[in-house]
Every structure is written in C-alpha cells, then in structure tokens.
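Enquirer: What follows is a single structure, and I will ask about it in a moment.
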Amino acid sequence: MMSWLRRRRRPAPVPRTAPRGARPDTTTRPPALLRRRAETTEPVTPGRLRDVVVARGYHVRVEPDASLTGLWDGYPFQLRLTGASQDYLSVLGTWGREVPEEMRGAVAQAVNDWNRDKIWPTVFTFTDESGTTVRTEILADVGGGSTDRQLVELVEAGLSAGVQFFQALGGSMPPPHEPSPEI
C-alpha cells in the first residue's frame with residue numbers, strides 16, 4: 001500500500017565558512033575563473049577590436065573606414081563599430097551569391113523563417129546594382145566597454161551563426177551555375 005505521507009528529508013549540510021579575515025583558498029578554483037576576474041572592461045576602439053581578432057588567429061584586412069574584413073568558411077564578413085558614437089559592434093556577413101529572380105520568394109521565406117525561429121543573427125536580403133543577396137548581422141552595444149573575452153565571444157557568435165545560415169541556405173539552393181528547374 002502506498003502512503004501519502006512524505007518522508008522527512010535531512011537538511012542539506014551547511015558549508016563551513018572561513019573565519020573572519022581569512023583569505024579564500026584560490027588553489028582549488030579553476031584557473032579560468034581566476035582569469036575572468038582579472039579581466040577588465042575597457043572601451044572598444046577599432047584598434048582594440050583588430051588586436052583582439054588578430055590575437056585569436058584570424059586574418060583580416062583593415063579597410064579605410066577602420067572596419068575589418070575577411071573570409072570565414074568562404075563567406076565575406078565585416079567587423080565594424082557603428083552608431084553615432086561608434087558604440088555598437090556589427091558582425092555583418094554576406095552570402096556572396098546573387099539570388100536568382102525565380103528564387104527570391106523562396107529566399108524571402110527562408111529569411112523570414114530564420115528570423116522567426118532564431119534570436120540571431122538577423123538575416124535580411126540586400127539589393128543593389130549588382131543584384132540581390134542575403135546578409136546576416138549581429139549588433140551588440142559595446143558603448144560601456146567590454147572585456148577581450150566578451151569581444152571574442154560576440155565576434156565568434158556572429159561569424160558562426162552567419163556561416164550556419166549561409167550553409168543552410170546554400171544547401172537549399174541550386175548550384176550557382178545550373179539553371180533552376182522549371183516548375
């Protein structure tokens with residue numbers, strides 16, 4: 001027979017506290033936690049962004065407007081500070097292929113589906129004199145400064161999420177040089 005009475009649980013053990021004035025034992029803490037505490041928030045400048053990205057091992061070109069450009073997994077990306085006070089970090093990716101006229105509706109639907117289902121990157125179509133392509137962007141407020149680790153995480157999030165979308169889009173499109181099948 002099942003009893004409806006709950007068993008009384010033992011209280012959780014109370015952790016010991018160090019005596020007042022004692023220094024905490026840092027030898028048992030993981031080194032990563034210690035490094036995080038040592039990091040400081042500093043203003044984000046184009047030069048600092050370049051230094052952080054290059055220190056991570058990325059190869060970039062500095063453009064005349066101080067933005068950084070490069071290819072990640074074959075897709076062109078631009079890293080830049082934007083806004084009136086240059087207090088936003090933009091990680092902007094471009095698909096690098098023109099969207100064929102007959103595929104624009106399907107691409108627009110894929111863009112809408114992504115934006116509905118994912119928080120970031122923001123995905124949008126872009127049309128200029130050379131045609132229509134697709135872009136991704138992560139925009140983060142860095143006006144209050146950031147640590148090097150935060151900058152790296154923002155850049156890598158923008159790059160990896162952008163590449164993920166471009167690969168998914170490319171997998172659903174016909175190869176660039178073959179005409180799409182007639183429907």
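Identifiers for the structure tokens are assigned positionally: chains receive A, B, ... in sequence, residues are indexed from 1 per chain, and ligands are indexed from 1 in the order shown.
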What's around A:Glu101 at 12 Å? Count only C-alpha atoms, leave out sequence neighbours fewer than 3 positions away in its own chain, and write the answer as a ChimeraX atom specification.

Expert: /A:98,104-108,127,131-133,179-180

Enquirer: Got a sec: who's within 12 Å of A:Leu49, counting only C-alpha atoms, leaving out chain neighbours fewer than 6 positions off, as a count of residues only?

Expert: 30

Enquirer: Atom CA of A:Gly96 and atom CA of A:Gln164, how far apart in Å?

Expert: 14.1 Å

Enquirer: Contacts of A:Ser160 at 10 Å or less, counting only C-alpha atoms, minus same-chain residues fewer than 4 places along, as a list in words?

Expert: Trp72, Asp73, Pro121, Val155, Glu156, Gln164, Phe165 and Phe166 of chain A

Enquirer: Between A:Thr136, A:Ser130, A:Gln109, A:Thr122, which is the closest to A:Ser172 once you count only C-alpha atoms?

Expert: A:Gln109

Enquirer: Pick out each residue of stretch 32-87 of chain A that DSSP on the backbone tags as strand (DSSP E or B); I need them as a ChimeraX atom specification.

Expert: /A:42,61-62,68-72,75-82

Enquirer: Hey, can you spit out that residue selection with N, CA and C atoms as a short mmCIF file (atom, residue, chain, number, x, y, z; two decimals), in the first residue's frame?

Expert:
```cif
data_model
loop_
_atom_site.label_atom_id
_atom_site.label_comp_id
_atom_site.auth_asym_id
_atom_site.auth_seq_id
_atom_site.Cartn_x
_atom_site.Cartn_y
_atom_site.Cartn_z
N GLU A 42 37.10 47.53 -20.89
CA GLU A 42 37.79 48.67 -21.47
C GLU A 42 36.99 49.18 -22.66
N ARG A 61 41.67 42.19 -43.04
CA ARG A 61 42.21 43.36 -43.72
C ARG A 61 41.54 44.58 -43.09
N VAL A 62 42.33 45.59 -42.81
CA VAL A 62 41.79 46.84 -42.27
C VAL A 62 41.40 47.73 -43.44
N LEU A 68 37.04 45.86 -40.32
CA LEU A 68 37.86 44.69 -40.61
C LEU A 68 37.08 43.78 -41.54
N THR A 69 37.73 43.28 -42.58
CA THR A 69 37.06 42.35 -43.48
C THR A 69 37.88 41.08 -43.60
N GLY A 70 37.17 40.01 -43.87
CA GLY A 70 37.84 38.73 -44.05
C GLY A 70 36.85 37.69 -44.52
N LEU A 71 37.38 36.53 -44.85
CA LEU A 71 36.55 35.40 -45.27
C LEU A 71 36.53 34.37 -44.16
N TRP A 72 35.35 33.90 -43.80
CA TRP A 72 35.20 32.83 -42.84
C TRP A 72 34.40 31.74 -43.52
N TYR A 75 32.83 32.80 -46.77
CA TYR A 75 31.84 33.88 -46.79
C TYR A 75 32.48 35.17 -46.32
N PRO A 76 32.25 36.28 -47.04
CA PRO A 76 32.83 37.57 -46.62
C PRO A 76 32.09 38.14 -45.40
N PHE A 77 32.87 38.60 -44.43
CA PHE A 77 32.32 39.23 -43.23
C PHE A 77 33.02 40.56 -43.00
N GLN A 78 32.30 41.45 -42.36
CA GLN A 78 32.85 42.75 -41.99
C GLN A 78 32.59 42.96 -40.50
N LEU A 79 33.63 43.33 -39.77
CA LEU A 79 33.53 43.65 -38.34
C LEU A 79 33.76 45.15 -38.22
N ARG A 80 32.82 45.84 -37.58
CA ARG A 80 32.98 47.29 -37.51
C ARG A 80 32.25 47.83 -36.29
N LEU A 81 32.69 49.01 -35.88
CA LEU A 81 31.98 49.77 -34.86
C LEU A 81 31.08 50.74 -35.60
N THR A 82 29.84 50.87 -35.16
CA THR A 82 28.87 51.70 -35.85
C THR A 82 28.05 52.48 -34.84
#
```

Enquirer: So how far away is atom CA of A:Gln86 from atom CA of A:Arg50, in Å?

Expert: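 These atoms are spaced 14.7 Å apart.
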
Enquirer: Please, what distance in Å, to one decimal, runs between atom CA of A:Arg48 and atom CA of A:Gly93?

Expert: 20.6 Å

Enquirer: From the options A:Leu159, A:Val111, A:Val52, A:Met103, which residue's atoms come nearest to A:Val134, counting only C-alpha atoms?

Expert: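 Between A:Leu159, A:Val111, A:Val52, A:Met103, the residue approaching A:Val134 most closely is A:Val111.
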